[in-house]
file my_file.json (JSON, C-alpha atoms)
[["chain", "number", "residue", "atom", "x", "y", "z"],
["W", 22, "MET", "CA", 39.57, 135.87, 75.35],
["W", 23, "LEU", "CA", 38.52, 139.52, 75.52],
["W", 24, "HIS", "CA", 34.87, 140.04, 76.45],
["W", 25, "ILE", "CA", 33.07, 142.61, 74.33],
["W", 26, "PRO", "CA", 29.33, 143.25, 74.66],
["W", 27, "ASP", "CA", 27.29, 141.24, 72.18],
["W", 28, "LEU", "CA", 26.37, 142.84, 68.90],
["W", 29, "PRO", "CA", 22.80, 142.52, 67.61],
["W", 30, "ASP", "CA", 22.05, 139.04, 66.28],
["W", 31, "ASP", "CA", 18.76, 139.93, 64.59],
["W", 32, "ARG", "CA", 20.45, 141.16, 61.40],
["W", 33, "ARG", "CA", 23.50, 140.52, 59.28],
["W", 34, "LEU", "CA", 26.56, 142.29, 60.66],
["W", 35, "GLY", "CA", 27.69, 145.26, 58.62],
["W", 36, "ILE", "CA", 30.86, 147.30, 58.35],
["W", 37, "VAL", "CA", 29.67, 149.70, 61.05],
["W", 38, "ASP", "CA", 29.35, 146.76, 63.47],
["W", 39, "LEU", "CA", 32.92, 145.70, 62.67],
["W", 40, "GLN", "CA", 34.13, 149.27, 63.22],
["W", 41, "VAL", "CA", 32.33, 149.39, 66.58],
["W", 42, "MET", "CA", 33.98, 146.12, 67.58],
["W", 43, "ALA", "CA", 37.46, 147.30, 66.53],
["W", 44, "ARG", "CA", 37.09, 150.56, 68.47],
["W", 45, "ALA", "CA", 35.74, 148.73, 71.53],
["W", 46, "ILE", "CA", 38.75, 146.41, 71.55],
["W", 47, "ALA", "CA", 41.21, 149.25, 70.99],
["W", 48, "GLY", "CA", 39.65, 151.12, 73.89],
["W", 49, "ARG", "CA", 40.36, 148.23, 76.29],
["W", 50, "VAL", "CA", 44.16, 148.52, 76.10],
["W", 51, "GLU", "CA", 44.56, 147.00, 79.56],
["W", 52, "ARG", "CA", 42.93, 143.80, 78.28],
["W", 53, "TRP", "CA", 45.25, 143.17, 75.31],
["W", 54, "ARG", "CA", 48.49, 145.19, 75.55],
["W", 55, "HIS", "CA", 50.13, 142.75, 77.98],
["W", 56, "ILE", "CA", 49.53, 139.80, 75.63],
["W", 57, "ALA", "CA", 51.03, 141.46, 72.54],
["W", 58, "ARG", "CA", 54.30, 139.86, 71.45],
["W", 59, "TYR", "CA", 56.86, 141.46, 69.18],
["W", 60, "ASP", "CA", 58.89, 138.76, 67.46],
["W", 61, "PRO", "CA", 61.67, 140.37, 65.39],
["W", 62, "HIS", "CA", 61.37, 137.74, 62.64],
["W", 63, "GLU", "CA", 57.66, 137.12, 62.01],
["W", 64, "ARG", "CA", 54.21, 138.50, 62.51],
["W", 65, "TRP", "CA", 52.48, 137.41, 65.69],
["W", 66, "PHE", "CA", 48.75, 137.20, 66.35],
["W", 67, "VAL", "CA", 46.18, 136.11, 68.89],
["W", 68, "GLN", "CA", 42.43, 135.74, 68.64],
["W", 69, "LEU", "CA", 40.69, 138.16, 71.00],
["W", 70, "TYR", "CA", 37.04, 137.41, 70.28],
["W", 71, "ARG", "CA", 34.97, 134.95, 68.26],
["W", 72, "THR", "CA", 31.32, 134.20, 67.67],
["W", 73, "ALA", "CA", 29.64, 132.32, 64.84],
["W", 74, "ASP", "CA", 29.32, 135.68, 63.04],
["W", 75, "LEU", "CA", 32.66, 137.42, 63.55],
["W", 76, "GLU", "CA", 36.15, 137.19, 64.94],
["W", 77, "ALA", "CA", 38.73, 139.72, 66.14],
["W", 78, "TRP", "CA", 42.51, 139.36, 66.16],
["W", 79, "LEU", "CA", 45.45, 141.33, 67.50],
["W", 80, "LEU", "CA", 48.48, 141.32, 65.16],
["W", 81, "THR", "CA", 52.00, 142.59, 65.62],
["W", 82, "TRP", "CA", 54.25, 143.30, 62.66],
["W", 83, "PRO", "CA", 58.04, 143.35, 63.01],
["W", 84, "ALA", "CA", 60.12, 145.76, 60.94],
["W", 85, "THR", "CA", 60.40, 144.79, 57.25],
["W", 86, "ARG", "CA", 57.86, 141.93, 57.42],
["W", 87, "GLY", "CA", 54.49, 141.41, 55.83],
["W", 88, "ILE", "CA", 52.21, 139.08, 53.94],
["W", 89, "GLU", "CA", 51.88, 138.44, 50.23],
["W", 90, "LEU", "CA", 48.95, 139.46, 48.00],
["W", 91, "HIS", "CA", 45.76, 137.71, 49.17],
["W", 92, "ASP", "CA", 42.01, 137.99, 49.69],
["W", 93, "HIS", "CA", 39.82, 137.12, 52.68],
["W", 94, "GLY", "CA", 37.42, 134.77, 50.91],
["W", 95, "ASP", "CA", 33.82, 135.75, 51.64],
["W", 96, "SER", "CA", 34.72, 137.79, 54.73],
["W", 97, "ALA", "CA", 34.55, 141.54, 55.10],
["W", 98, "ALA", "CA", 37.08, 143.10, 57.45],
["W", 99, "VAL", "CA", 37.97, 146.22, 59.34],
["W", 100, "VAL", "CA", 41.59, 146.87, 60.28],
["W", 101, "LEU", "CA", 42.52, 149.43, 62.91],
["W", 102, "ALA", "CA", 46.19, 150.47, 63.05],
["W", 103, "LEU", "CA", 46.98, 150.79, 66.75],
["W", 104, "ASP", "CA", 50.59, 151.90, 66.54],
["W", 105, "GLY", "CA", 53.37, 152.03, 64.00],
["W", 106, "GLU", "CA", 52.74, 152.26, 60.28],
["W", 107, "LEU", "CA", 51.88, 149.65, 57.65],
["W", 108, "VAL", "CA", 51.86, 149.85, 53.86],
["W", 109, "GLU", "CA", 49.13, 148.21, 51.79],
["W", 110, "HIS", "CA", 49.08, 147.50, 48.05],
["W", 111, "TYR", "CA", 45.50, 146.74, 47.06],
["W", 112, "THR", "CA", 42.97, 146.21, 44.32],
["W", 113, "ASP", "CA", 39.51, 144.73, 43.87],
["W", 114, "LEU", "CA", 38.65, 141.49, 42.07],
["W", 115, "HIS", "CA", 35.37, 142.93, 40.76],
["W", 116, "ALA", "CA", 36.33, 146.43, 39.54],
["W", 117, "ARG", "CA", 39.90, 145.34, 38.64],
["W", 118, "PRO", "CA", 41.76, 148.66, 39.05],
["W", 119, "ALA", "CA", 45.53, 148.67, 38.98],
["W", 120, "LEU", "CA", 47.26, 148.03, 42.29],
["W", 121, "ARG", "CA", 47.26, 151.12, 44.47],
["W", 122, "ARG", "CA", 49.27, 151.92, 47.58],
["W", 123, "ARG", "CA", 48.28, 153.48, 50.88],
["W", 124, "ARG", "CA", 49.76, 153.90, 54.33],
["W", 125, "TRP", "CA", 47.99, 152.70, 57.43],
["W", 126, "THR", "CA", 49.13, 155.15, 60.10],
["W", 127, "THR", "CA", 48.41, 154.99, 63.83],
["W", 128, "GLY", "CA", 44.71, 155.46, 64.52],
["W", 129, "THR", "CA", 43.47, 154.87, 60.98],
["W", 130, "MET", "CA", 40.76, 152.33, 60.24],
["W", 131, "HIS", "CA", 40.41, 150.56, 56.90],
["W", 132, "THR", "CA", 37.45, 148.68, 55.45],
["W", 133, "LEU", "CA", 38.04, 145.60, 53.31],
["W", 134, "THR", "CA", 35.02, 144.22, 51.48],
["W", 135, "PRO", "CA", 34.83, 140.75, 49.91],
["W", 136, "GLY", "CA", 36.84, 140.91, 46.70],
["W", 137, "HIS", "CA", 39.47, 143.19, 48.24],
["W", 138, "VAL", "CA", 42.94, 141.82, 47.46],
["W", 139, "HIS", "CA", 45.99, 143.21, 49.22],
["W", 140, "ASP", "CA", 49.39, 142.72, 50.70],
["W", 141, "VAL", "CA", 50.45, 144.43, 53.90],
["W", 142, "HIS", "CA", 53.99, 145.20, 55.02],
["W", 143, "ASN", "CA", 55.73, 147.04, 57.80],
["W", 144, "ASP", "CA", 58.38, 149.05, 55.97],
["W", 145, "ALA", "CA", 59.37, 150.97, 59.09],
["W", 146, "GLU", "CA", 62.22, 150.28, 61.49],
["W", 147, "ARG", "CA", 59.90, 149.77, 64.48],
["W", 148, "PRO", "CA", 57.11, 147.23, 65.08],
["W", 149, "ALA", "CA", 53.47, 147.95, 64.31],
["W", 150, "THR", "CA", 50.27, 146.67, 65.95],
["W", 151, "SER", "CA", 46.79, 146.28, 64.46],
["W", 152, "ILE", "CA", 43.35, 144.89, 65.25],
["W", 153, "HIS", "CA", 41.52, 142.90, 62.53],
["W", 154, "VAL", "CA", 37.80, 142.14, 62.75],
["W", 155, "TYR", "CA", 36.28, 139.72, 60.20],
["W", 156, "ALA", "CA", 32.66, 138.85, 59.43],
["W", 157, "PRO", "CA", 31.99, 136.10, 58.87],
["W", 158, "PRO", "CA", 35.11, 134.57, 60.46],
["W", 159, "LEU", "CA", 37.88, 133.80, 57.95],
["W", 160, "SER", "CA", 37.51, 130.40, 56.31],
["W", 161, "THR", "CA", 39.73, 130.55, 53.21],
["W", 162, "MET", "CA", 42.27, 132.86, 51.65],
["W", 163, "THR", "CA", 43.45, 132.90, 48.06],
["W", 164, "PHE", "CA", 46.96, 134.12, 47.33],
["W", 165, "TYR", "CA", 47.75, 135.85, 44.03],
["W", 166, "ASP", "CA", 50.53, 136.58, 41.61],
["W", 167, "HIS", "CA", 50.36, 140.05, 40.10],
["W", 168, "ARG", "CA", 51.63, 140.86, 36.65],
["W", 169, "ALA", "CA", 50.44, 143.80, 34.61],
["W", 170, "GLN", "CA", 49.46, 141.62, 31.63],
["W", 171, "THR", "CA", 47.33, 139.17, 33.66],
["W", 172, "PHE", "CA", 45.98, 141.39, 36.48],
["W", 173, "LEU", "CA", 45.82, 138.75, 39.25],
["W", 174, "SER", "CA", 46.53, 135.05, 38.86],
["W", 175, "PRO", "CA", 45.47, 132.81, 41.75],
["W", 176, "LEU", "CA", 48.42, 130.85, 43.13],
["W", 177, "ARG", "CA", 46.67, 128.83, 45.82],
["W", 178, "THR", "CA", 43.67, 128.82, 48.16],
["W", 179, "GLU", "CA", 44.25, 127.76, 51.73],
["W", 180, "PRO", "CA", 42.07, 127.26, 54.78],
["W", 181, "ALA", "CA", 42.55, 130.18, 57.13],
["W", 182, "ARG", "CA", 44.35, 129.26, 60.34],
["W", 183, "GLY", "CA", 44.25, 132.70, 61.87],
["W", 184, "PRO", "CA", 44.33, 136.11, 60.35],
["W", 185, "GLU", "CA", 46.32, 135.93, 57.19],
["W", 186, "ARG", "CA", 48.46, 133.13, 58.61],
["W", 187, "PRO", "CA", 49.44, 131.00, 55.64],
["W", 188, "ALA", "CA", 52.46, 133.09, 54.62],
["W", 189, "THR", "CA", 54.98, 135.45, 56.15],
["W", 190, "VAL", "CA", 57.31, 137.16, 53.74],
["W", 191, "ALA", "CA", 60.06, 139.73, 54.06],
["W", 192, "SER", "CA", 59.52, 143.07, 52.37]]

call {"tool": "encode", "arguments": {"input": "my_file.json", "output": "structure tokens"}}
result
Amino acid sequence: MLHIPDLPDDRRLGIVDLQVMARAIAGRVERWRHIARYDPHERWFVQLYRTADLEAWLLTWPATRGIELHDHGDSAAVVLALDGELVEHYTDLHARPALRRRRWTTGTMHTLTPGHVHDVHNDAERPATSIHVYAPPLSTMTFYDHRAQTFLSPLRTEPARGPERPATVAS
């Protein structure tokens, strides 16, 4: 597992702490690049760091693959796009805006607060790589059906077995 200097334990971790962690990991390319795997058929991931308060994962995304609409339970997250480009459709369970779309291009960092619901897909022809830092560590994820007349309908809640692991879907 990648060693990153400890973050302060005398306060609750905030988004800035997660951003610091993501940048620290990204800056240690020699520690993670050789373990990245690019499977042409499904997303791949490995846990890089874990404490009782947070966890960090490296994900690779093959062309035309992604994950269906889901939340991260009570966890906040920061995602740093390392290379390639991903597409996110997202909304918020609390404010309930219509689904929006944004691109995660190389070098961009995105903050996901509890209540953030999204899908993520690699629509490009080449693989993408990202770092995901969660606090607290993922415990459950709820997957949703989206229809304009019902906003979001929960389909199922599953224990998290890695970052966004329960489903891999083609775009």

call {"tool": "axis_aligned_box", "arguments": {"input": "my_file.json", "around": "range 147-150 of chain W", "padding_each_side": "5 Å", "output": "JSON"}}
result
{"center_x": 55.1, "center_y": 148.2, "center_z": 65.1, "size_x": 19.6, "size_y": 13.1, "size_z": 11.6}

call {"tool": "residues_around", "arguments": {"input": "my_file.json", "residues": "range 144-147 of chain W", "least_positions_apart": "3", "cutoff": "9 Å", "atoms": "only C-alpha atoms", "output": "list in words"}}
result
Trp82, Pro83, Ala84, Thr85, Arg86, Gly87, Gly105, Glu106, Leu107, Val108 and Ser192 of chain W

call {"tool": "atom_distance", "arguments": {"input": "my_file.json", "atom1": "CA of Ile46 in chain W", "atom2": "CA of Ile88 in chain W"}}
result
23.3 Å

call {"tool": "closest_residue", "arguments": {"input": "my_file.json", "among": "W:His131, W:Leu75, W:Val99, W:Tyr70", "to": "Arg52 in chain W", "atoms": "all atoms listed in the file"}}
result
W:Tyr70

call {"tool": "residues_around", "arguments": {"input": "my_file.json", "residues": "Leu114 in chain W", "least_positions_apart": "6", "cutoff": "7 Å", "atoms": "only C-alpha atoms", "output": "JSON, numbers by chain"}}
result
{"W": [136, 137, 138]}

call {"tool": "closest_residue", "arguments": {"input": "my_file.json", "among": "W:Arg124, W:Ala97, W:Asp113, W:Glu179", "to": "Gln40 in chain W", "atoms": "only C-alpha atoms"}}
result
W:Ala97

call {"tool": "atom_distance", "arguments": {"input": "my_file.json", "atom1": "CA of Glu63 in chain W", "atom2": "CA of Ala45 in chain W"}}
result
26.6 Å

call {"tool": "closest_residue", "arguments": {"input": "my_file.json", "among": "W:Thr129, W:Thr81, W:Thr112, W:Thr134", "to": "Arg44 in chain W", "atoms": "only C-alpha atoms"}}
result
W:Thr129

call {"tool": "closest_residue", "arguments": {"input": "my_file.json", "among": "W:Leu101, W:Ala73, W:Arg168, W:Ala116", "to": "Val41 in chain W", "atoms": "all atoms listed in the file"}}
result
W:Leu101

call {"tool": "closest_residue", "arguments": {"input": "my_file.json", "among": "W:Arg64, W:Tyr165, W:Arg123, W:Glu51", "to": "Ser151 in chain W", "atoms": "all atoms listed in the file"}}
result
W:Arg64

call {"tool": "decode", "arguments": {"input": "my_file.json", "residues": "range 76-113 of chain W", "atoms": "N, CA, C and O atoms", "output": "mmCIF file, in the first residue's frame"}}
result
data_model
loop_
_atom_site.group_PDB
_atom_site.id
_atom_site.type_symbol
_atom_site.label_atom_id
_atom_site.label_comp_id
_atom_site.auth_asym_id
_atom_site.auth_seq_id
_atom_site.Cartn_x
_atom_site.Cartn_y
_atom_site.Cartn_z
ATOM 1 N N GLU W 76 -10.041 6.441 2.742
ATOM 2 C CA GLU W 76 -9.412 5.458 1.874
ATOM 3 C C GLU W 76 -9.169 6.095 0.507
ATOM 4 O O GLU W 76 -9.878 7.014 0.109
ATOM 5 N N ALA W 77 -8.151 5.582 -0.189
ATOM 6 C CA ALA W 77 -7.811 6.087 -1.522
ATOM 7 C C ALA W 77 -7.658 4.904 -2.466
ATOM 8 O O ALA W 77 -7.084 3.870 -2.101
ATOM 9 N N TRP W 78 -8.178 5.071 -3.684
ATOM 10 C CA TRP W 78 -8.191 4.023 -4.695
ATOM 11 C C TRP W 78 -7.675 4.559 -6.019
ATOM 12 O O TRP W 78 -7.916 5.715 -6.363
ATOM 13 N N LEU W 79 -7.026 3.698 -6.768
ATOM 14 C CA LEU W 79 -6.638 3.972 -8.140
ATOM 15 C C LEU W 79 -7.583 3.183 -9.033
ATOM 16 O O LEU W 79 -7.758 1.975 -8.826
ATOM 17 N N LEU W 80 -8.226 3.844 -10.001
ATOM 18 C CA LEU W 80 -9.143 3.181 -10.931
ATOM 19 C C LEU W 80 -8.671 3.383 -12.357
ATOM 20 O O LEU W 80 -8.175 4.456 -12.703
ATOM 21 N N THR W 81 -8.860 2.356 -13.170
ATOM 22 C CA THR W 81 -8.654 2.499 -14.604
ATOM 23 C C THR W 81 -9.975 2.182 -15.292
ATOM 24 O O THR W 81 -10.731 1.316 -14.850
ATOM 25 N N TRP W 82 -10.232 2.905 -16.356
ATOM 26 C CA TRP W 82 -11.505 2.849 -17.071
ATOM 27 C C TRP W 82 -11.247 2.520 -18.530
ATOM 28 O O TRP W 82 -10.688 3.337 -19.257
ATOM 29 N N PRO W 83 -11.646 1.345 -19.007
ATOM 30 C CA PRO W 83 -11.469 1.044 -20.425
ATOM 31 C C PRO W 83 -12.429 1.873 -21.278
ATOM 32 O O PRO W 83 -13.422 2.423 -20.775
ATOM 33 N N ALA W 84 -12.138 1.943 -22.553
ATOM 34 C CA ALA W 84 -13.013 2.660 -23.486
ATOM 35 C C ALA W 84 -14.427 2.098 -23.406
ATOM 36 O O ALA W 84 -14.623 0.893 -23.286
ATOM 37 N N THR W 85 -15.391 2.974 -23.422
ATOM 38 C CA THR W 85 -16.831 2.688 -23.471
ATOM 39 C C THR W 85 -17.364 1.942 -22.250
ATOM 40 O O THR W 85 -18.408 1.299 -22.326
ATOM 41 N N ARG W 86 -16.715 2.047 -21.108
ATOM 42 C CA ARG W 86 -17.201 1.401 -19.883
ATOM 43 C C ARG W 86 -17.444 2.435 -18.801
ATOM 44 O O ARG W 86 -16.890 3.519 -18.802
ATOM 45 N N GLY W 87 -18.299 2.056 -17.838
ATOM 46 C CA GLY W 87 -18.587 2.950 -16.743
ATOM 47 C C GLY W 87 -19.356 2.255 -15.652
ATOM 48 O O GLY W 87 -19.336 1.028 -15.544
ATOM 49 N N ILE W 88 -20.028 3.044 -14.847
ATOM 50 C CA ILE W 88 -20.826 2.538 -13.736
ATOM 51 C C ILE W 88 -22.157 3.271 -13.715
ATOM 52 O O ILE W 88 -22.227 4.462 -14.034
ATOM 53 N N GLU W 89 -23.194 2.558 -13.325
ATOM 54 C CA GLU W 89 -24.536 3.131 -13.332
ATOM 55 C C GLU W 89 -24.724 4.163 -12.217
ATOM 56 O O GLU W 89 -23.888 4.303 -11.315
ATOM 57 N N LEU W 90 -25.840 4.867 -12.264
ATOM 58 C CA LEU W 90 -26.179 5.945 -11.341
ATOM 59 C C LEU W 90 -26.180 5.438 -9.903
ATOM 60 O O LEU W 90 -26.878 4.479 -9.576
ATOM 61 N N HIS W 91 -25.403 6.090 -9.021
ATOM 62 C CA HIS W 91 -25.244 5.634 -7.642
ATOM 63 C C HIS W 91 -24.833 6.786 -6.736
ATOM 64 O O HIS W 91 -24.425 7.850 -7.200
ATOM 65 N N ASP W 92 -24.913 6.543 -5.421
ATOM 66 C CA ASP W 92 -24.364 7.478 -4.440
ATOM 67 C C ASP W 92 -23.212 6.803 -3.715
ATOM 68 O O ASP W 92 -22.863 5.662 -4.019
ATOM 69 N N HIS W 93 -22.634 7.502 -2.747
ATOM 70 C CA HIS W 93 -21.534 6.957 -1.948
ATOM 71 C C HIS W 93 -21.919 6.876 -0.481
ATOM 72 O O HIS W 93 -21.058 7.035 0.401
ATOM 73 N N GLY W 94 -23.202 6.649 -0.214
ATOM 74 C CA GLY W 94 -23.644 6.550 1.175
ATOM 75 C C GLY W 94 -23.331 7.829 1.927
ATOM 76 O O GLY W 94 -23.605 8.927 1.443
ATOM 77 N N ASP W 95 -22.730 7.687 3.098
ATOM 78 C CA ASP W 95 -22.393 8.849 3.929
ATOM 79 C C ASP W 95 -21.009 9.416 3.641
ATOM 80 O O ASP W 95 -20.549 10.297 4.357
ATOM 81 N N SER W 96 -20.338 8.913 2.628
ATOM 82 C CA SER W 96 -18.966 9.343 2.338
ATOM 83 C C SER W 96 -18.933 10.547 1.413
ATOM 84 O O SER W 96 -19.711 10.642 0.472
ATOM 85 N N ALA W 97 -18.000 11.432 1.694
ATOM 86 C CA ALA W 97 -17.636 12.489 0.755
ATOM 87 C C ALA W 97 -16.485 11.935 -0.075
ATOM 88 O O ALA W 97 -15.808 10.988 0.343
ATOM 89 N N ALA W 98 -16.253 12.511 -1.234
ATOM 90 C CA ALA W 98 -15.174 12.017 -2.088
ATOM 91 C C ALA W 98 -14.557 13.150 -2.880
ATOM 92 O O ALA W 98 -15.188 14.180 -3.129
ATOM 93 N N VAL W 99 -13.318 12.902 -3.280
ATOM 94 C CA VAL W 99 -12.623 13.738 -4.241
ATOM 95 C C VAL W 99 -12.119 12.794 -5.314
ATOM 96 O O VAL W 99 -11.572 11.733 -5.003
ATOM 97 N N VAL W 100 -12.331 13.162 -6.567
ATOM 98 C CA VAL W 100 -11.845 12.364 -7.689
ATOM 99 C C VAL W 100 -10.908 13.241 -8.507
ATOM 100 O O VAL W 100 -11.270 14.356 -8.896
ATOM 101 N N LEU W 101 -9.721 12.716 -8.762
ATOM 102 C CA LEU W 101 -8.726 13.399 -9.578
ATOM 103 C C LEU W 101 -8.524 12.584 -10.849
ATOM 104 O O LEU W 101 -8.147 11.413 -10.789
ATOM 105 N N ALA W 102 -8.824 13.196 -11.989
ATOM 106 C CA ALA W 102 -8.625 12.539 -13.289
ATOM 107 C C ALA W 102 -7.143 12.635 -13.640
ATOM 108 O O ALA W 102 -6.614 13.727 -13.823
ATOM 109 N N LEU W 103 -6.489 11.481 -13.702
ATOM 110 C CA LEU W 103 -5.045 11.464 -13.951
ATOM 111 C C LEU W 103 -4.716 11.510 -15.436
ATOM 112 O O LEU W 103 -3.787 12.199 -15.845
ATOM 113 N N ASP W 104 -5.428 10.721 -16.224
ATOM 114 C CA ASP W 104 -5.256 10.784 -17.667
ATOM 115 C C ASP W 104 -6.513 10.248 -18.333
ATOM 116 O O ASP W 104 -7.309 9.563 -17.714
ATOM 117 N N GLY W 105 -6.675 10.618 -19.602
ATOM 118 C CA GLY W 105 -7.899 10.278 -20.306
ATOM 119 C C GLY W 105 -8.998 11.265 -19.955
ATOM 120 O O GLY W 105 -8.751 12.327 -19.387
ATOM 121 N N GLU W 106 -10.214 10.881 -20.294
ATOM 122 C CA GLU W 106 -11.365 11.754 -20.055
ATOM 123 C C GLU W 106 -12.569 10.903 -19.691
ATOM 124 O O GLU W 106 -12.838 9.891 -20.331
ATOM 125 N N LEU W 107 -13.284 11.328 -18.649
ATOM 126 C CA LEU W 107 -14.497 10.642 -18.209
ATOM 127 C C LEU W 107 -15.676 11.595 -18.316
ATOM 128 O O LEU W 107 -15.506 12.817 -18.288
ATOM 129 N N VAL W 108 -16.871 11.044 -18.424
ATOM 130 C CA VAL W 108 -18.098 11.827 -18.475
ATOM 131 C C VAL W 108 -18.936 11.452 -17.267
ATOM 132 O O VAL W 108 -19.126 10.268 -16.972
ATOM 133 N N GLU W 109 -19.434 12.464 -16.575
ATOM 134 C CA GLU W 109 -20.285 12.254 -15.400
ATOM 135 C C GLU W 109 -21.648 12.868 -15.653
ATOM 136 O O GLU W 109 -21.747 13.993 -16.138
ATOM 137 N N HIS W 110 -22.710 12.132 -15.311
ATOM 138 C CA HIS W 110 -24.069 12.671 -15.213
ATOM 139 C C HIS W 110 -24.357 12.695 -13.724
ATOM 140 O O HIS W 110 -24.147 11.681 -13.035
ATOM 141 N N TYR W 111 -24.827 13.821 -13.201
ATOM 142 C CA TYR W 111 -24.930 13.952 -11.748
ATOM 143 C C TYR W 111 -26.105 14.816 -11.317
ATOM 144 O O TYR W 111 -26.619 15.629 -12.075
ATOM 145 N N THR W 112 -26.480 14.613 -10.066
ATOM 146 C CA THR W 112 -27.498 15.406 -9.407
ATOM 147 C C THR W 112 -27.243 15.332 -7.908
ATOM 148 O O THR W 112 -26.240 14.778 -7.463
ATOM 149 N N ASP W 113 -28.158 15.870 -7.132
ATOM 150 C CA ASP W 113 -28.029 15.871 -5.680
ATOM 151 C C ASP W 113 -29.357 15.445 -5.067
ATOM 152 O O ASP W 113 -30.404 15.966 -5.449
#
